[in-house]
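Student: Below you'll find the structure I mean.
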Amino acid sequence: MIDKATLTDLPNTVVRTAFQAGAKVRHARVFHPRGLRLAGRFHAAADFVPWFGPGERAVIGRLSKGIGTPTGIPDVLGLAFRVLDRDDHPWDFALATTGRGTLGRFVITAARGWDRACFGSLMPYRFGDDSPVWLFAEPLDDLPGTASLQALRDHLDNDHLLRFSLTAEPLGGEPIPVGELDLRRAEPGEYRTDFFDPILNRPAGVALVPHALDRFRESAYTGSRRGRTDETDHPPT
(Lines give C-alpha, C1' and ligand atoms only; values in the text may rest on other atoms or scores of the structure.)
Protein backbone atom coordinates (compact mmCIF):
# COMPACT_ATOMS: atom_id res chain seq x y z
CA MET A 1 0.00 0.00 0.00
CA ILE A 2 1.36 3.44 -0.93
CA ASP A 3 1.65 5.72 2.10
CA LYS A 4 0.51 9.34 2.05
CA ALA A 5 4.04 10.79 1.98
CA THR A 6 4.97 8.73 -1.09
CA LEU A 7 1.77 9.73 -2.86
CA THR A 8 2.31 13.41 -2.07
CA ASP A 9 5.87 13.30 -3.43
CA LEU A 10 4.90 11.35 -6.56
CA PRO A 11 4.78 14.37 -8.94
CA ASN A 12 8.26 15.47 -7.81
CA THR A 13 9.57 11.93 -8.27
CA VAL A 14 8.18 11.83 -11.82
CA VAL A 15 9.85 15.17 -12.68
CA ARG A 16 13.16 14.11 -11.12
CA THR A 17 13.16 10.74 -12.92
CA ALA A 18 12.27 12.31 -16.28
CA PHE A 19 15.10 14.85 -16.07
CA GLN A 20 17.53 12.20 -14.85
CA ALA A 21 16.68 10.02 -17.86
CA GLY A 22 16.96 12.93 -20.24
CA ALA A 23 20.39 13.94 -18.93
CA LYS A 24 21.56 10.34 -19.10
CA VAL A 25 20.58 10.10 -22.77
CA ARG A 26 22.24 13.41 -23.67
CA HIS A 27 25.27 12.84 -21.41
CA ALA A 28 24.74 16.48 -20.51
CA ARG A 29 22.19 18.86 -19.03
CA VAL A 30 18.67 18.33 -20.35
CA PHE A 31 18.59 22.00 -21.32
CA HIS A 32 21.53 24.34 -21.96
CA PRO A 33 23.97 21.43 -22.45
CA ARG A 34 26.78 23.55 -23.95
CA GLY A 35 28.06 26.88 -22.77
CA LEU A 36 30.99 29.13 -21.95
CA ARG A 37 32.52 29.25 -18.47
CA LEU A 38 32.91 32.79 -17.23
CA ALA A 39 34.09 34.73 -14.18
CA GLY A 40 33.95 38.33 -13.11
CA ARG A 41 32.41 40.83 -10.72
CA PHE A 42 29.01 42.08 -9.67
CA HIS A 43 28.35 45.52 -8.22
CA ALA A 44 24.97 45.96 -6.54
CA ALA A 45 22.87 49.11 -6.85
CA ALA A 46 22.24 50.98 -3.60
CA ASP A 47 18.80 49.46 -2.94
CA PHE A 48 20.22 45.93 -3.16
CA VAL A 49 23.45 46.37 -1.19
CA PRO A 50 21.68 45.03 1.95
CA TRP A 51 21.23 41.71 0.09
CA PHE A 52 24.46 41.43 -1.89
CA GLY A 53 26.84 43.39 0.30
CA PRO A 54 28.90 46.48 -0.60
CA GLY A 55 31.56 46.82 -3.28
CA GLU A 56 32.42 44.28 -5.95
CA ARG A 57 31.30 40.71 -5.39
CA ALA A 58 33.08 37.73 -6.95
CA VAL A 59 31.11 35.92 -9.67
CA ILE A 60 31.33 32.79 -11.77
CA GLY A 61 28.88 32.40 -14.64
CA ARG A 62 27.86 30.61 -17.79
CA LEU A 63 26.30 31.67 -21.09
CA SER A 64 24.66 28.83 -22.97
CA LYS A 65 22.30 27.68 -25.69
CA GLY A 66 19.15 25.92 -24.51
CA ILE A 67 18.73 23.44 -27.34
CA GLY A 68 22.02 23.67 -29.22
CA THR A 69 20.71 24.73 -32.64
CA PRO A 70 23.19 25.11 -35.51
CA THR A 71 24.89 28.46 -36.03
CA GLY A 72 22.53 31.08 -37.40
CA ILE A 73 19.37 29.41 -36.06
CA PRO A 74 17.59 31.15 -33.16
CA ASP A 75 17.82 29.39 -29.80
CA VAL A 76 16.75 29.87 -26.20
CA LEU A 77 19.82 31.46 -24.61
CA GLY A 78 20.76 31.16 -20.96
CA LEU A 79 22.68 33.26 -18.44
CA ALA A 80 23.50 31.59 -15.13
CA PHE A 81 25.78 33.01 -12.47
CA ARG A 82 26.79 32.59 -8.85
CA VAL A 83 27.56 35.64 -6.75
CA LEU A 84 28.65 35.77 -3.13
CA ASP A 85 25.95 37.36 -1.01
CA ARG A 86 26.36 39.71 1.97
CA ASP A 87 27.51 36.76 4.13
CA ASP A 88 29.84 35.38 1.42
CA HIS A 89 27.50 32.47 0.75
CA PRO A 90 26.75 31.35 -2.83
CA TRP A 91 23.67 32.86 -4.46
CA ASP A 92 22.69 31.31 -7.82
CA PHE A 93 20.68 32.83 -10.63
CA ALA A 94 19.45 30.97 -13.73
CA LEU A 95 17.96 33.23 -16.41
CA ALA A 96 16.74 32.43 -19.93
CA THR A 97 15.64 34.56 -22.86
CA THR A 98 12.08 35.73 -22.32
CA GLY A 99 9.82 38.57 -23.26
CA ARG A 100 9.69 41.71 -21.15
CA GLY A 101 5.97 42.52 -21.18
CA THR A 102 3.24 41.55 -18.73
CA LEU A 103 2.68 38.16 -20.37
CA GLY A 104 5.96 37.74 -22.25
CA ARG A 105 8.01 37.51 -19.05
CA PHE A 106 6.33 34.15 -18.34
CA VAL A 107 7.38 32.67 -21.71
CA ILE A 108 10.78 31.31 -22.76
CA THR A 109 11.61 32.69 -26.21
CA ALA A 110 14.25 32.02 -28.84
CA ALA A 111 16.72 34.83 -29.58
CA ARG A 112 18.32 35.46 -32.97
CA GLY A 113 21.55 36.73 -31.43
CA TRP A 114 23.35 37.57 -28.21
CA ASP A 115 22.91 41.26 -28.95
CA ARG A 116 19.10 41.00 -28.72
CA ALA A 117 18.89 38.72 -25.72
CA CYS A 118 16.78 39.74 -22.75
CA PHE A 119 17.35 37.22 -19.96
CA GLY A 120 14.52 36.85 -17.46
CA SER A 121 13.89 34.86 -14.29
CA LEU A 122 10.47 33.48 -15.43
CA MET A 123 9.49 33.14 -11.77
CA PRO A 124 9.33 36.31 -9.67
CA TYR A 125 11.51 36.94 -6.62
CA ARG A 126 10.35 38.27 -3.30
CA PHE A 127 12.95 40.21 -1.30
CA GLY A 128 11.87 40.24 2.33
CA ASP A 129 8.30 41.49 2.54
CA ASP A 130 8.40 43.46 -0.71
CA SER A 131 6.11 42.79 -3.66
CA PRO A 132 7.27 40.14 -6.16
CA VAL A 133 9.61 41.29 -8.94
CA TRP A 134 11.02 39.65 -12.04
CA LEU A 135 14.77 39.90 -12.64
CA PHE A 136 16.06 40.82 -16.08
CA ALA A 137 19.59 41.03 -17.50
CA GLU A 138 20.40 42.84 -20.74
CA PRO A 139 23.74 43.49 -22.45
CA LEU A 140 25.24 46.94 -22.04
CA ASP A 141 27.59 46.66 -25.02
CA ASP A 142 27.47 45.32 -28.57
CA LEU A 143 27.50 41.54 -28.70
CA PRO A 144 27.48 39.14 -31.66
CA GLY A 145 24.29 39.34 -33.71
CA THR A 146 24.04 35.57 -34.04
CA ALA A 147 23.15 32.88 -31.48
CA SER A 148 26.55 31.22 -31.86
CA LEU A 149 28.80 30.14 -29.00
CA GLN A 150 31.82 30.39 -31.30
CA ALA A 151 30.98 34.00 -32.11
CA LEU A 152 30.81 34.68 -28.39
CA ARG A 153 34.18 32.95 -27.85
CA ASP A 154 35.74 35.08 -30.56
CA HIS A 155 34.26 38.21 -28.98
CA LEU A 156 35.79 37.31 -25.61
CA ASP A 157 39.13 36.36 -27.16
CA ASN A 158 39.41 39.94 -28.42
CA ASP A 159 39.65 41.10 -24.79
CA HIS A 160 36.02 42.17 -24.58
CA LEU A 161 34.10 42.03 -21.33
CA LEU A 162 30.49 40.93 -21.29
CA ARG A 163 28.62 43.63 -19.36
CA PHE A 164 25.01 43.25 -18.27
CA SER A 165 22.63 45.48 -16.38
CA LEU A 166 20.34 43.71 -13.91
CA THR A 167 16.95 45.16 -13.09
CA ALA A 168 13.96 44.11 -11.01
CA GLU A 169 10.53 44.80 -12.43
CA PRO A 170 7.13 44.38 -10.76
CA LEU A 171 4.02 43.77 -12.81
CA GLY A 172 2.93 47.13 -14.16
CA GLY A 173 5.81 48.97 -12.47
CA GLU A 174 9.03 50.69 -13.50
CA PRO A 175 12.34 48.79 -13.60
CA ILE A 176 14.47 49.06 -10.46
CA PRO A 177 18.28 48.87 -10.88
CA VAL A 178 19.73 45.78 -9.20
CA GLY A 179 23.36 46.07 -10.29
CA GLU A 180 25.91 45.53 -13.04
CA LEU A 181 27.53 42.25 -13.99
CA ASP A 182 30.92 42.10 -15.76
CA LEU A 183 32.04 38.73 -17.14
CA ARG A 184 35.15 37.40 -18.92
CA ARG A 185 36.51 33.96 -19.82
CA ALA A 186 37.23 31.97 -16.65
CA GLU A 187 40.82 30.98 -15.97
CA PRO A 188 41.72 27.31 -15.38
CA GLY A 189 40.94 26.40 -11.79
CA GLU A 190 38.77 29.47 -11.30
CA TYR A 191 35.52 27.72 -12.21
CA ARG A 192 34.53 25.41 -9.36
CA THR A 193 31.02 24.17 -10.15
CA ASP A 194 29.11 22.48 -12.95
CA PHE A 195 25.63 23.52 -11.82
CA PHE A 196 23.69 26.59 -10.76
CA ASP A 197 20.67 26.01 -8.54
CA PRO A 198 18.60 29.11 -7.64
CA ILE A 199 16.33 27.04 -5.38
CA LEU A 200 19.17 25.53 -3.33
CA ASN A 201 21.51 28.53 -3.24
CA ARG A 202 19.88 31.78 -2.14
CA PRO A 203 19.91 33.88 1.02
CA ALA A 204 17.39 33.64 3.82
CA GLY A 205 14.67 36.19 3.19
CA VAL A 206 14.80 35.82 -0.59
CA ALA A 207 12.22 33.55 -2.20
CA LEU A 208 11.13 32.46 -5.65
CA VAL A 209 7.35 32.52 -5.84
CA PRO A 210 4.98 30.79 -5.95
CA HIS A 211 6.51 28.45 -3.35
CA ALA A 212 4.47 25.53 -4.72
CA LEU A 213 6.76 25.39 -7.77
CA ASP A 214 9.99 25.24 -5.74
CA ARG A 215 9.93 21.47 -5.27
CA PHE A 216 9.16 20.81 -8.94
CA ARG A 217 12.01 23.01 -10.09
CA GLU A 218 14.42 21.52 -7.53
CA SER A 219 13.40 18.00 -8.64
CA ALA A 220 14.26 18.96 -12.23
CA TYR A 221 17.69 20.31 -11.22
CA THR A 222 18.43 17.26 -9.04
CA GLY A 223 17.36 14.79 -11.74
CA SER A 224 19.47 16.52 -14.39
CA ARG A 225 22.56 16.45 -12.13
CA ARG A 226 22.07 12.78 -11.26
CA GLY A 227 21.65 11.82 -14.90
CA ARG A 228 24.93 13.47 -15.83
CA THR A 229 26.86 11.61 -13.11
CA ASP A 230 25.27 8.15 -13.15
CA GLU A 231 27.80 6.73 -15.61
CA THR A 232 30.65 9.20 -15.84
CA ASP A 233 31.36 12.76 -14.85
CA HIS A 234 31.57 15.21 -17.69
CA PRO A 235 33.47 18.45 -17.24
CA PRO A 236 31.34 21.58 -17.47
CA THR A 237 31.47 23.43 -20.78
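Following the order of the C-alpha coordinates, chains are lettered A, B, ..., residues in each are numbered from 1, and ligands are numbered from 1.
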Excluding Glu169 (chain A) and its own-chain neighbours fewer than 4 positions away, which residues fall within 10 Å of it when counting only C-alpha atoms? Please give them as a list in words.

Tutor: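 Skipping anything fewer than 4 positions along the chain leaves Arg100, Pro124, Tyr125, Pro132, Val133, Trp134, Leu135, Phe136, Gly173, Glu174, Pro175, Ile176, Pro177 and Val178 of chain A.
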
Student: Among region 3-174 of chain A, which residues carry a DSSP assignment of strand (DSSP E), reported as number ranges by chain?

Tutor: A: 34-44, 56-65, 77-84, 90-97, 119-120, 125-127, 134-139, 162-169

Student: Would you mind telling me which residue in A:Trp51, A:Phe42, A:Phe196, A:Trp91 lies nearest to Leu162 (chain A) when using only C-alpha atoms?

Tutor: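 For Leu162 (chain A), the nearest of the candidates is A:Phe42.
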
Student: Which of these residues is nearest to Phe119 (chain A), using only C-alpha atoms: A:Ser131, A:Ser64, A:Ile73, A:Thr146?

Tutor: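 Checking each of A:Ser131, A:Ser64, A:Ile73, A:Thr146 against Phe119 (chain A), counting only C-alpha atoms, the winner is A:Ser64.
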
Student: Please give the complete set of residues from region 40-77 of chain A that DSSP, run on the backbone, assigns to helix (DSSP H, G or I), formatted as an MDAnalysis selection string.

Tutor: chainID A and resid 46:52

Student: Those selected residues, please, written with N, CA and C atoms and delivered as a short mmCIF file (atom, residue, chain, number, x, y, z; two decimals), in the first residue's frame.

Tutor:
```
data_model
loop_
_atom_site.label_atom_id
_atom_site.label_comp_id
_atom_site.auth_asym_id
_atom_site.auth_seq_id
_atom_site.Cartn_x
_atom_site.Cartn_y
_atom_site.Cartn_z
N ALA A 46 22.39 50.61 -5.01
CA ALA A 46 22.24 50.98 -3.60
C ALA A 46 21.10 50.24 -2.91
N ASP A 47 19.96 50.10 -3.57
CA ASP A 47 18.80 49.46 -2.94
C ASP A 47 19.02 47.99 -2.64
N PHE A 48 20.01 47.36 -3.33
CA PHE A 48 20.22 45.93 -3.16
C PHE A 48 21.51 45.59 -2.42
N VAL A 49 22.24 46.62 -1.99
CA VAL A 49 23.45 46.37 -1.19
C VAL A 49 23.13 45.59 0.09
N PRO A 50 21.99 45.84 0.76
CA PRO A 50 21.68 45.03 1.95
C PRO A 50 21.59 43.53 1.68
N TRP A 51 21.32 43.14 0.44
CA TRP A 51 21.23 41.71 0.09
C TRP A 51 22.55 41.16 -0.42
N PHE A 52 23.23 41.92 -1.28
CA PHE A 52 24.46 41.43 -1.89
C PHE A 52 25.72 41.81 -1.12
#
```

Student: Work out how far apart CA of Pro203 (chain A) and CA of Ala80 (chain A) are and give it in Å to one decimal.

Tutor: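 Atom-to-atom, CA of Pro203 (chain A) to CA of Ala80 (chain A), that is 16.7 Å.
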
Student: Considering only C-alpha atoms, can you say which of A:Asp141, A:Asp115, A:Glu56, A:Asp130 comes closest to Ala207 (chain A)?

Tutor: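 Closest to Ala207 (chain A) of all the choices is A:Asp130.
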
Student: Work out how far apart CA of Leu161 (chain A) and CA of Arg202 (chain A) are and give it in Å to one decimal.

Tutor: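 That distance, rounded to one decimal, is 26.0 Å.
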
Student: Measure the distance from CA of His155 (chain A) to CA of Gly99 (chain A) in Å and round it to one decimal.

Tutor: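 We find that CA of His155 (chain A) and CA of Gly99 (chain A) lie 25.1 Å from each other.
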
Student: Fewer than 4 positions away in the same chain doesn't count, so skip those; otherwise give me all residues within 8 Å of Arg184 (chain A), counting only C-alpha atoms, as a list in words.

Tutor: Leu38, Ala39, Gly40, Leu156, His160, Leu161 and Leu162 of chain A

Student: Name the closest residue to Ile67 (chain A) among the candidates A:Ala151, A:Cys118, A:Leu103, A:Ala96; distances are taken between atoms, counting only C-alpha atoms.

Tutor: A:Ala96

Student: Would you please work out which residue, of A:Ala204, A:Val83, A:Ile108, A:Arg185, is nearest to Arg153 (chain A) when using only C-alpha atoms?

Tutor: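 Nearest to Arg153 (chain A): A:Arg185.
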
Student: Using only C-alpha atoms, can you tell me which of A:Gly72, A:Gly145, A:Gly205, A:Gly120 comes closest to Ala168 (chain A)?

Tutor: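 Closest to Ala168 (chain A), using only C-alpha atoms: A:Gly120.
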